[in-house]
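Chemist: Can you keep this structure in mind? I'll have questions shortly.
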Amino acid sequence: MAEFVEIVEMGPRDGLQNEKRLIPTDEKIALVNALNLVGFRRIEVASFVSPKWVPQMADSARVMAGMTRLPGVRYMALTPNLKGYESARAARADEVAIFASASEGFSKANLNCSIAESLARFHPVADAARADGIALRGYVSVVTDCPYDGAIAPQAAARVTAALRDMGCHEVSLGDTIGQGVPERVDAMLAAVLQEMPANRLAGHFHDTAGRALANIEVSLARGLRVFDAAVGGLGGCPYAPGAAGNVATEAVDARLKALGYDTGLDPARLAEAAAVARAMRTGSERAGE
Ligand code: HMG
Ligand code: MG
């Protein structure tokens, strides 16, 4: 039997957070409902961040209230602080994610604080999630390259991964936020991070700006990672990482993993339908003059 590799769908969150056109809540709900049919175990649907920082995610509670919930699917949300966590819990998120940076420059741009301050803010979120029995994921951004600080030392990514592990994250997702990672440096970063956390608790989160995301996924597979984040239709980017393209497209990851002999559990026809929904949303943005 083929070995299972999980693709965690990011489209409704990482995909849409950067769209300039304010996408109507109903369109977001339609995207989640299309993704529901594809066979994902986890879909990141929301982000309870400051609406002043990321206006596109301001309707996260309404998206979570309006979408269909399928048994067996875990609906995830980003939570930068306790305020965000409380909103995510009220919206019945199954899994919440705290997100730190391997560089000071990106931490400041994305969270308006240093790495140490961000970790201090995440502690109460982690404690509350544990008390409430809500699964906690961690992200480390800019694991190899930062738009502000340049090349990142593997040890920097490893240190932040260890801090998130110590807070109780069941999994840490390693973000090539600006999609500039080259396989050799991704491999060196993984070698350092694996000293802190085993491969079965790590995920790869590759943006595809330079077209190397699939190569970086292959390097990660060779290091034993079996969870990858992706966004349907290649939607997205990060508002605080100028010029970065979206996550690698889910359909490209699915096709590559299957060609390599892995099982993803995803239905390619349903995935193509969801990708068409995502593309129509993007076309809507282009029509709106973006
Ligand atoms: P700040 O301005 O320093 O925060 O922002 P503050 O505590 O001073 O609060 C400012 C205002 O925001 C206050 O409102 C708060 O109530 C409000 P005011 O009194 O001015 O009316 N506020 C909130 N409102 C709703 N929900 C909240 C919340 N928190 C504060 N949770 C803060 C600090 C962390 C809030 C801000 O920097 C922020 O929201 N940053 C999020 C940026 C973001 O979402 N970036 C994209 C996601 S990360 C990503 O994409 C990377 C990833 O994909 C992995 C990868 O690719 O690397 C995960
Ligand atoms: Mg991202």
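Identifiers for the structure tokens are assigned positionally: chains receive A, B, ... in sequence, residues are indexed from 1 per chain, and ligands are indexed from 1 in the order shown.
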Could you pull out the residues sitting within 6 Å of ligand 1, using only C-alpha atoms and all ligand atoms, and write them as a PyMOL selection string?
Modeler: chain A and resi 14+48-51+53-54+80-81+83-84+99+110-112+139+141-142+175-177+238
Chemist: Mind checking which residues fall within 8 Å of region 16-32 of chain A, counting only C-alpha atoms, ignoring those fewer than 6 positions away in the same chain, and posting them as a list of chain:residue names?
Modeler: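 What passes the distance filter is A:Val45, A:Val54, A:Pro55, A:Gln56, A:Met57, A:Asp59, A:Arg62, A:Val63, A:Met64, A:Gly66, A:Met67, A:Thr68, A:Leu235, A:Gly236, A:Gly237, A:Cys238, A:Pro239, A:Ala274, A:Val277, A:Ala278, A:Met281, A:Arg282, A:Ser285, A:Ala288, A:Glu290.
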Chemist: Take the residues just selected and output them with N, CA and C atoms as a PDB file, in the first residue's frame.
Modeler:
```pdb
ATOM      1  N   VAL A  45      -9.018  27.717   7.560  1.00  0.00           N
ATOM      2  CA  VAL A  45     -10.130  28.494   7.010  1.00  0.00           C
ATOM      3  C   VAL A  45     -10.164  29.930   7.483  1.00  0.00           C
ATOM      4  N   VAL A  54      -4.780  42.913   8.710  1.00  0.00           N
ATOM      5  CA  VAL A  54      -5.169  42.055   7.578  1.00  0.00           C
ATOM      6  C   VAL A  54      -6.690  42.136   7.402  1.00  0.00           C
ATOM      7  N   PRO A  55      -7.150  43.193   6.715  1.00  0.00           N
ATOM      8  CA  PRO A  55      -8.600  43.394   6.569  1.00  0.00           C
ATOM      9  C   PRO A  55      -9.301  42.202   5.906  1.00  0.00           C
ATOM     10  N   GLN A  56      -8.579  41.530   5.028  1.00  0.00           N
ATOM     11  CA  GLN A  56      -9.202  40.436   4.271  1.00  0.00           C
ATOM     12  C   GLN A  56      -9.724  39.313   5.183  1.00  0.00           C
ATOM     13  N   MET A  57      -9.160  39.179   6.375  1.00  0.00           N
ATOM     14  CA  MET A  57      -9.550  38.089   7.262  1.00  0.00           C
ATOM     15  C   MET A  57     -10.557  38.526   8.339  1.00  0.00           C
ATOM     16  N   ASP A  59     -13.646  38.831   8.389  1.00  0.00           N
ATOM     17  CA  ASP A  59     -14.918  38.094   8.491  1.00  0.00           C
ATOM     18  C   ASP A  59     -14.705  36.617   8.846  1.00  0.00           C
ATOM     19  N   ARG A  62     -17.520  34.854  10.584  1.00  0.00           N
ATOM     20  CA  ARG A  62     -18.697  34.610   9.729  1.00  0.00           C
ATOM     21  C   ARG A  62     -18.432  33.460   8.755  1.00  0.00           C
ATOM     22  N   VAL A  63     -17.190  33.362   8.283  1.00  0.00           N
ATOM     23  CA  VAL A  63     -16.857  32.230   7.398  1.00  0.00           C
ATOM     24  C   VAL A  63     -17.046  30.924   8.166  1.00  0.00           C
ATOM     25  N   MET A  64     -16.535  30.894   9.394  1.00  0.00           N
ATOM     26  CA  MET A  64     -16.624  29.639  10.151  1.00  0.00           C
ATOM     27  C   MET A  64     -18.062  29.310  10.563  1.00  0.00           C
ATOM     28  N   GLY A  66     -20.672  30.075   8.686  1.00  0.00           N
ATOM     29  CA  GLY A  66     -21.470  29.778   7.498  1.00  0.00           C
ATOM     30  C   GLY A  66     -21.048  28.541   6.733  1.00  0.00           C
ATOM     31  N   MET A  67     -19.825  28.100   6.912  1.00  0.00           N
ATOM     32  CA  MET A  67     -19.336  26.969   6.110  1.00  0.00           C
ATOM     33  C   MET A  67     -19.935  25.657   6.613  1.00  0.00           C
ATOM     34  N   THR A  68     -19.961  24.684   5.739  1.00  0.00           N
ATOM     35  CA  THR A  68     -20.380  23.343   6.145  1.00  0.00           C
ATOM     36  C   THR A  68     -19.210  22.670   6.845  1.00  0.00           C
ATOM     37  N   LEU A 235      -3.196  30.009  -4.767  1.00  0.00           N
ATOM     38  CA  LEU A 235      -3.655  31.302  -4.241  1.00  0.00           C
ATOM     39  C   LEU A 235      -2.695  31.880  -3.218  1.00  0.00           C
ATOM     40  N   GLY A 236      -2.541  33.186  -3.214  1.00  0.00           N
ATOM     41  CA  GLY A 236      -2.052  33.837  -2.020  1.00  0.00           C
ATOM     42  C   GLY A 236      -0.680  34.410  -1.934  1.00  0.00           C
ATOM     43  N   GLY A 237      -0.270  34.600  -0.670  1.00  0.00           N
ATOM     44  CA  GLY A 237       0.975  35.271  -0.332  1.00  0.00           C
ATOM     45  C   GLY A 237       0.840  35.838   1.065  1.00  0.00           C
ATOM     46  N   CYS A 238       1.845  36.566   1.503  1.00  0.00           N
ATOM     47  CA  CYS A 238       1.765  37.137   2.844  1.00  0.00           C
ATOM     48  C   CYS A 238       1.845  38.656   2.711  1.00  0.00           C
ATOM     49  N   PRO A 239       0.910  39.386   3.306  1.00  0.00           N
ATOM     50  CA  PRO A 239       0.924  40.842   3.165  1.00  0.00           C
ATOM     51  C   PRO A 239       2.199  41.483   3.701  1.00  0.00           C
ATOM     52  N   ALA A 274     -12.420  22.581  -7.114  1.00  0.00           N
ATOM     53  CA  ALA A 274     -12.105  23.602  -6.096  1.00  0.00           C
ATOM     54  C   ALA A 274     -11.097  24.613  -6.660  1.00  0.00           C
ATOM     55  N   VAL A 277     -12.888  27.141  -8.618  1.00  0.00           N
ATOM     56  CA  VAL A 277     -13.532  28.136  -7.736  1.00  0.00           C
ATOM     57  C   VAL A 277     -12.491  29.171  -7.305  1.00  0.00           C
ATOM     58  N   ALA A 278     -11.299  28.678  -6.937  1.00  0.00           N
ATOM     59  CA  ALA A 278     -10.223  29.588  -6.480  1.00  0.00           C
ATOM     60  C   ALA A 278      -9.801  30.522  -7.611  1.00  0.00           C
ATOM     61  N   MET A 281     -12.163  33.307  -8.180  1.00  0.00           N
ATOM     62  CA  MET A 281     -12.042  34.365  -7.169  1.00  0.00           C
ATOM     63  C   MET A 281     -10.911  35.309  -7.541  1.00  0.00           C
ATOM     64  N   ARG A 282      -9.830  34.724  -8.037  1.00  0.00           N
ATOM     65  CA  ARG A 282      -8.680  35.545  -8.429  1.00  0.00           C
ATOM     66  C   ARG A 282      -9.025  36.390  -9.652  1.00  0.00           C
ATOM     67  N   SER A 285     -10.773  39.308  -8.694  1.00  0.00           N
ATOM     68  CA  SER A 285      -9.878  40.350  -8.182  1.00  0.00           C
ATOM     69  C   SER A 285      -9.258  41.123  -9.329  1.00  0.00           C
ATOM     70  N   ALA A 288     -11.592  43.453 -10.737  1.00  0.00           N
ATOM     71  CA  ALA A 288     -11.805  44.614  -9.855  1.00  0.00           C
ATOM     72  C   ALA A 288     -10.620  45.576  -9.927  1.00  0.00           C
ATOM     73  N   GLU A 290      -7.156  44.732  -9.693  1.00  0.00           N
ATOM     74  CA  GLU A 290      -5.948  44.459  -8.901  1.00  0.00           C
ATOM     75  C   GLU A 290      -4.808  44.016  -9.790  1.00  0.00           C
TER      76      GLU A 290
END
```
Chemist: Within 9 Å of Ile178 (chain A), counting only C-alpha atoms, which residues show up once you throw out same-chain ones fewer than 4 positions away? Write them as an mmCIF file with C-alpha atoms, in the first residue's frame, please.
Modeler:
```
data_model
loop_
_atom_site.group_PDB
_atom_site.id
_atom_site.type_symbol
_atom_site.label_atom_id
_atom_site.label_comp_id
_atom_site.auth_asym_id
_atom_site.auth_seq_id
_atom_site.Cartn_x
_atom_site.Cartn_y
_atom_site.Cartn_z
ATOM 1 C CA VAL A 142 11.283 32.711 6.817
ATOM 2 C CA ASP A 145 15.332 33.555 3.543
ATOM 3 C CA CYS A 146 13.889 36.758 4.945
ATOM 4 C CA PRO A 147 12.818 39.793 2.886
ATOM 5 C CA PHE A 206 6.586 26.366 0.700
ATOM 6 C CA HIS A 207 5.600 29.432 -1.243
ATOM 7 C CA ASP A 208 6.364 29.087 -4.920
ATOM 8 C CA THR A 209 7.723 32.492 -5.928
ATOM 9 C CA ALA A 210 10.828 31.077 -7.598
ATOM 10 C CA GLY A 237 0.975 35.271 -0.332
ATOM 11 C CA CYS A 238 1.765 37.137 2.844
ATOM 12 C CA ALA A 241 6.389 39.566 2.634
ATOM 13 C CA PRO A 242 6.399 41.935 -0.373
ATOM 14 C CA GLY A 243 6.469 40.218 -3.755
ATOM 15 C CA ALA A 244 6.032 36.721 -2.374
ATOM 16 C CA ALA A 245 3.794 34.465 -4.437
ATOM 17 C CA GLY A 246 1.222 32.081 -3.052
#
```
Chemist: Would you kindly return, as an NGL selection string, each protein, DNA or RNA residue with an atom no farther than 9 Å from any atom of Glu171 (chain A), considering only C-alpha atoms and excluding same-chain residues fewer than 5 positions away?
Modeler: :A and (136-139 or 164-165 or 197 or 200-203)
Chemist: Quick check for you: according to DSSP on this backbone, which residues of region 65-290 of chain A are classed as strand (DSSP E)? Reply as a PyMOL selection string.
Modeler: chain A and resi 74-78+95-101+135-141+145-146+150-151+171-176+202-206+227-230
Chemist: Could you pull the residues within 10 Å of Ser87 (chain A), counting only C-alpha atoms, minus those fewer than 6 positions along the same chain, as a ChimeraX atom specification?
Modeler: /A:47-49,60-61,77,79,93
Chemist: Output N, CA and C atoms for every residue in the selection just made, as a CSV table (one decimal), in the first residue's frame.
Modeler:
```csv
chain,number,residue,atom,x,y,z
A,47,SER,N,-8.4,33.4,10.2
A,47,SER,CA,-7.2,34.0,10.8
A,47,SER,C,-7.8,35.1,11.7
A,48,PHE,N,-7.6,34.9,13.0
A,48,PHE,CA,-8.2,35.9,14.0
A,48,PHE,C,-7.1,36.8,14.4
A,49,VAL,N,-6.7,37.6,13.4
A,49,VAL,CA,-5.6,38.6,13.6
A,49,VAL,C,-6.3,40.0,13.6
A,60,SER,N,-13.6,36.3,9.5
A,60,SER,CA,-13.3,34.9,9.8
A,60,SER,C,-14.4,34.2,10.6
A,61,ALA,N,-14.9,34.9,11.6
A,61,ALA,CA,-16.0,34.3,12.4
A,61,ALA,C,-17.2,33.9,11.5
A,77,ALA,N,-7.4,27.7,12.4
A,77,ALA,CA,-7.3,29.1,12.4
A,77,ALA,C,-6.0,29.7,13.0
A,79,THR,N,-3.9,32.3,15.3
A,79,THR,CA,-4.2,33.0,16.5
A,79,THR,C,-2.9,33.7,17.0
A,93,ALA,N,-13.0,26.6,16.2
A,93,ALA,CA,-11.9,26.1,15.5
A,93,ALA,C,-11.4,24.8,16.1
```
Chemist: Do a neighbour search on region 33-44 of chain A at 9 Å with only C-alpha atoms, toss out local chain neighbours closer than 4 positions, and write the hits as a PDB file with C-alpha atoms, in the first residue's frame.
Modeler:
```pdb
ATOM      1  CA  GLU A   6      -1.016  14.682   4.148  1.00  0.00           C
ATOM      2  CA  ILE A   7      -1.634  17.895   2.232  1.00  0.00           C
ATOM      3  CA  VAL A   8      -2.990  20.572   4.567  1.00  0.00           C
ATOM      4  CA  GLU A   9      -5.125  22.996   2.574  1.00  0.00           C
ATOM      5  CA  MET A  10      -4.234  26.667   3.104  1.00  0.00           C
ATOM      6  CA  GLY A  11      -6.322  28.340   0.372  1.00  0.00           C
ATOM      7  CA  PRO A  12      -9.031  30.039   2.468  1.00  0.00           C
ATOM      8  CA  ARG A  13      -6.420  31.538   4.841  1.00  0.00           C
ATOM      9  CA  ASP A  14      -2.930  31.906   3.356  1.00  0.00           C
ATOM     10  CA  LYS A  28     -15.064  32.307   0.918  1.00  0.00           C
ATOM     11  CA  ILE A  29     -17.697  29.942   2.256  1.00  0.00           C
ATOM     12  CA  MET A  67     -19.336  26.969   6.110  1.00  0.00           C
ATOM     13  CA  THR A  68     -20.380  23.343   6.145  1.00  0.00           C
ATOM     14  CA  ARG A  69     -18.434  21.232   8.639  1.00  0.00           C
ATOM     15  CA  LEU A  70     -17.721  17.672   7.686  1.00  0.00           C
ATOM     16  CA  GLY A  72     -13.360  13.979  10.023  1.00  0.00           C
ATOM     17  CA  VAL A  73     -12.159  17.372   8.754  1.00  0.00           C
ATOM     18  CA  ARG A  74     -10.322  19.673  11.158  1.00  0.00           C
ATOM     19  CA  TYR A  75     -10.858  23.372  10.547  1.00  0.00           C
ATOM     20  CA  MET A  76      -7.848  25.465  11.529  1.00  0.00           C
ATOM     21  CA  ALA A  77      -7.325  29.139  12.353  1.00  0.00           C
ATOM     22  CA  LEU A  78      -4.373  31.434  13.018  1.00  0.00           C
ATOM     23  CA  GLU A  95      -7.022  23.446  15.678  1.00  0.00           C
ATOM     24  CA  VAL A 232      -5.628  25.370  -4.115  1.00  0.00           C
ATOM     25  CA  THR A 264      -2.729  11.719  -0.532  1.00  0.00           C
ATOM     26  CA  GLY A 265      -6.333  10.610  -0.206  1.00  0.00           C
ATOM     27  CA  LEU A 266      -7.427  13.518  -2.411  1.00  0.00           C
ATOM     28  CA  ASP A 267      -9.933  13.240  -5.247  1.00  0.00           C
ATOM     29  CA  PRO A 268      -8.317  14.921  -8.286  1.00  0.00           C
ATOM     30  CA  ALA A 269     -11.647  15.712  -9.982  1.00  0.00           C
ATOM     31  CA  ARG A 270     -12.993  17.458  -6.869  1.00  0.00           C
ATOM     32  CA  LEU A 271      -9.645  19.182  -6.449  1.00  0.00           C
ATOM     33  CA  GLU A 273     -13.347  21.833  -9.238  1.00  0.00           C
ATOM     34  CA  ALA A 274     -12.105  23.602  -6.096  1.00  0.00           C
ATOM     35  CA  ALA A 275      -9.170  25.036  -8.077  1.00  0.00           C
ATOM     36  CA  VAL A 277     -13.532  28.136  -7.736  1.00  0.00           C
TER      37      VAL A 277
END
```
Chemist: Find the residue from A:Ala158, A:Leu119, A:Ala252, A:Val143 that sits nearest to ligand 2; use only C-alpha atoms and all ligand atoms when measuring.
Modeler: A:Val143
Chemist: If you measure from CA of Asn247 (chain A) to CA of Thr144 (chain A), what distance in Å do you get, rounded to one decimal?
Modeler: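 Taking CA of Asn247 (chain A) as the start and CA of Thr144 (chain A) as the end point, the length is 15.6 Å.
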Chemist: Can you tell me, as an MDAnalysis selection string, which residues in region 41-129 of chain A count as helix (DSSP H, G or I) by DSSP?
Modeler: chainID A and resid 55:57 60:66 82:90 104:111 115:129
Chemist: Write to file, as a short mmCIF file (atom, residue, chain, number, x, y, z; two decimals), in the first residue's frame, the residues of the selection just made, with N, CA and C atoms.
Modeler:
```
data_model
loop_
_atom_site.label_atom_id
_atom_site.label_comp_id
_atom_site.auth_asym_id
_atom_site.auth_seq_id
_atom_site.Cartn_x
_atom_site.Cartn_y
_atom_site.Cartn_z
N PRO A 55 -7.15 43.19 6.71
CA PRO A 55 -8.60 43.39 6.57
C PRO A 55 -9.30 42.20 5.91
N GLN A 56 -8.58 41.53 5.03
CA GLN A 56 -9.20 40.44 4.27
C GLN A 56 -9.72 39.31 5.18
N MET A 57 -9.16 39.18 6.38
CA MET A 57 -9.55 38.09 7.26
C MET A 57 -10.56 38.53 8.34
N SER A 60 -13.58 36.31 9.48
CA SER A 60 -13.27 34.91 9.78
C SER A 60 -14.38 34.21 10.58
N ALA A 61 -14.94 34.91 11.56
CA ALA A 61 -15.99 34.27 12.37
C ALA A 61 -17.21 33.94 11.51
N ARG A 62 -17.52 34.85 10.58
CA ARG A 62 -18.70 34.61 9.73
C ARG A 62 -18.43 33.46 8.76
N VAL A 63 -17.19 33.36 8.28
CA VAL A 63 -16.86 32.23 7.40
C VAL A 63 -17.05 30.92 8.17
N MET A 64 -16.54 30.89 9.39
CA MET A 64 -16.62 29.64 10.15
C MET A 64 -18.06 29.31 10.56
N ALA A 65 -18.87 30.36 10.74
CA ALA A 65 -20.27 30.11 11.10
C ALA A 65 -21.06 29.62 9.88
N GLY A 66 -20.67 30.07 8.69
CA GLY A 66 -21.47 29.78 7.50
C GLY A 66 -21.05 28.54 6.73
N LEU A 82 -3.91 36.06 22.66
CA LEU A 82 -5.04 35.49 23.38
C LEU A 82 -6.38 36.00 22.84
N LYS A 83 -6.39 37.26 22.45
CA LYS A 83 -7.63 37.81 21.87
C LYS A 83 -8.05 36.99 20.64
N GLY A 84 -7.07 36.70 19.77
CA GLY A 84 -7.35 35.90 18.59
C GLY A 84 -7.77 34.49 18.96
N TYR A 85 -7.11 33.96 19.98
CA TYR A 85 -7.46 32.59 20.41
C TYR A 85 -8.91 32.52 20.89
N GLU A 86 -9.31 33.53 21.66
CA GLU A 86 -10.68 33.50 22.19
C GLU A 86 -11.71 33.58 21.06
N SER A 87 -11.39 34.37 20.04
CA SER A 87 -12.30 34.43 18.88
C SER A 87 -12.32 33.09 18.15
N ALA A 88 -11.17 32.46 18.03
CA ALA A 88 -11.10 31.17 17.32
C ALA A 88 -11.87 30.10 18.09
N ARG A 89 -11.77 30.14 19.40
CA ARG A 89 -12.50 29.14 20.21
C ARG A 89 -14.00 29.39 20.07
N ALA A 90 -14.40 30.67 20.12
CA ALA A 90 -15.83 30.98 19.99
C ALA A 90 -16.35 30.54 18.62
N GLU A 104 14.34 38.41 13.11
CA GLU A 104 13.79 39.56 13.83
C GLU A 104 13.07 40.51 12.87
N GLY A 105 13.63 40.68 11.67
CA GLY A 105 13.03 41.63 10.73
C GLY A 105 11.61 41.23 10.36
N PHE A 106 11.39 39.95 10.07
CA PHE A 106 10.04 39.52 9.69
C PHE A 106 9.10 39.52 10.90
N SER A 107 9.63 39.19 12.07
CA SER A 107 8.80 39.21 13.28
C SER A 107 8.24 40.61 13.49
N LYS A 108 9.10 41.58 13.35
CA LYS A 108 8.68 42.98 13.54
C LYS A 108 7.63 43.38 12.49
N ALA A 109 7.88 42.99 11.24
CA ALA A 109 6.95 43.39 10.17
C ALA A 109 5.61 42.68 10.31
N ASN A 110 5.63 41.42 10.72
CA ASN A 110 4.41 40.61 10.69
C ASN A 110 3.63 40.68 11.99
N LEU A 111 4.36 40.83 13.11
CA LEU A 111 3.70 40.75 14.42
C LEU A 111 3.94 42.00 15.27
N ILE A 115 11.08 38.42 18.25
CA ILE A 115 10.78 36.98 18.35
C ILE A 115 10.46 36.63 19.81
N ALA A 116 11.28 37.12 20.73
CA ALA A 116 11.07 36.79 22.14
C ALA A 116 9.71 37.29 22.63
N GLU A 117 9.35 38.51 22.23
CA GLU A 117 8.04 39.04 22.64
C GLU A 117 6.90 38.20 22.05
N SER A 118 7.09 37.76 20.80
CA SER A 118 6.02 36.96 20.18
C SER A 118 5.85 35.64 20.93
N LEU A 119 6.97 35.04 21.31
CA LEU A 119 6.88 33.76 22.03
C LEU A 119 6.20 33.96 23.38
N ALA A 120 6.50 35.09 24.02
CA ALA A 120 5.86 35.38 25.32
C ALA A 120 4.34 35.52 25.14
N ARG A 121 3.91 36.11 24.01
CA ARG A 121 2.48 36.26 23.75
C ARG A 121 1.81 34.91 23.44
N PHE A 122 2.61 34.00 22.87
CA PHE A 122 2.02 32.70 22.49
C PHE A 122 1.81 31.80 23.70
N HIS A 123 2.57 32.02 24.76
CA HIS A 123 2.45 31.14 25.93
C HIS A 123 1.02 31.03 26.45
N PRO A 124 0.35 32.17 26.70
CA PRO A 124 -1.03 32.04 27.20
C PRO A 124 -1.96 31.37 26.18
N VAL A 125 -1.68 31.56 24.89
CA VAL A 125 -2.50 30.88 23.87
C VAL A 125 -2.31 29.37 23.99
N ALA A 126 -1.05 28.97 24.13
CA ALA A 126 -0.75 27.53 24.24
C ALA A 126 -1.39 26.95 25.50
N ASP A 127 -1.30 27.69 26.60
CA ASP A 127 -1.89 27.20 27.86
C ASP A 127 -3.41 27.05 27.72
N ALA A 128 -4.03 28.06 27.10
CA ALA A 128 -5.49 28.01 26.95
C ALA A 128 -5.90 26.88 26.02
N ALA A 129 -5.16 26.68 24.94
CA ALA A 129 -5.50 25.60 24.00
C ALA A 129 -5.39 24.25 24.70
#
```
Chemist: With distances taken over only C-alpha atoms and all ligand atoms, which of A:Val253, A:Ala162, A:Ala188, A:Ala231 is nearest to ligand 2?
Modeler: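 Checking each candidate against ligand 2, we get A:Ala231 as the closest.
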Chemist: May I ask for the distance between CA of Gly261 (chain A) and CA of His205 (chain A), given in Å to one decimal place?
Modeler: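 Calculated distance between CA of Gly261 (chain A) and CA of His205 (chain A) is 20.7 Å.
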Chemist: How many Å separate CA of Ile98 (chain A) from CA of Ile217 (chain A)?
Modeler: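 Taking CA of Ile98 (chain A) and CA of Ile217 (chain A), their separation equals 22.5 Å.
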Chemist: Quick one: residues within 9 Å of Ala156 (chain A), only C-alpha atoms, excluding same-chain residues fewer than 2 positions away - as a PyMOL selection string?
Modeler: chain A and resi 102-103+143+152-154+158-161+189
Chemist: Residues of the last selection are to be written out with C-alpha atoms, as a CSV table (one decimal), in the first residue's frame.
Modeler:
```csv
chain,number,residue,atom,x,y,z
A,102,ALA,CA,13.1,32.8,12.4
A,103,SER,CA,14.2,36.4,11.8
A,143,VAL,CA,13.2,29.5,7.7
A,152,ILE,CA,18.7,32.8,7.7
A,153,ALA,CA,21.0,30.5,9.7
A,154,PRO,CA,19.6,27.0,10.1
A,158,ALA,CA,15.8,25.3,14.9
A,159,ARG,CA,15.7,27.5,18.0
A,160,VAL,CA,12.2,28.8,17.2
A,161,THR,CA,11.0,25.3,16.4
A,189,MET,CA,17.7,24.0,7.6
```
Chemist: Give the answer as one residue: which of A:Gly181, A:Gly224, A:Gly204, A:Gly150 has the shortest atom-to-atom distance to ligand 2, using only C-alpha atoms and all ligand atoms?
Modeler: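 Going through A:Gly181, A:Gly224, A:Gly204, A:Gly150 one by one, the smallest distance to ligand 2 is for A:Gly204.
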Chemist: Go through A:Ala230, A:Leu190, A:Leu214, A:Arg130 one by one, measure the shortest atom-to-atom distance of each to ligand 2 using only C-alpha atoms and all ligand atoms, and give the residue with the smallest value.
Modeler: A:Ala230
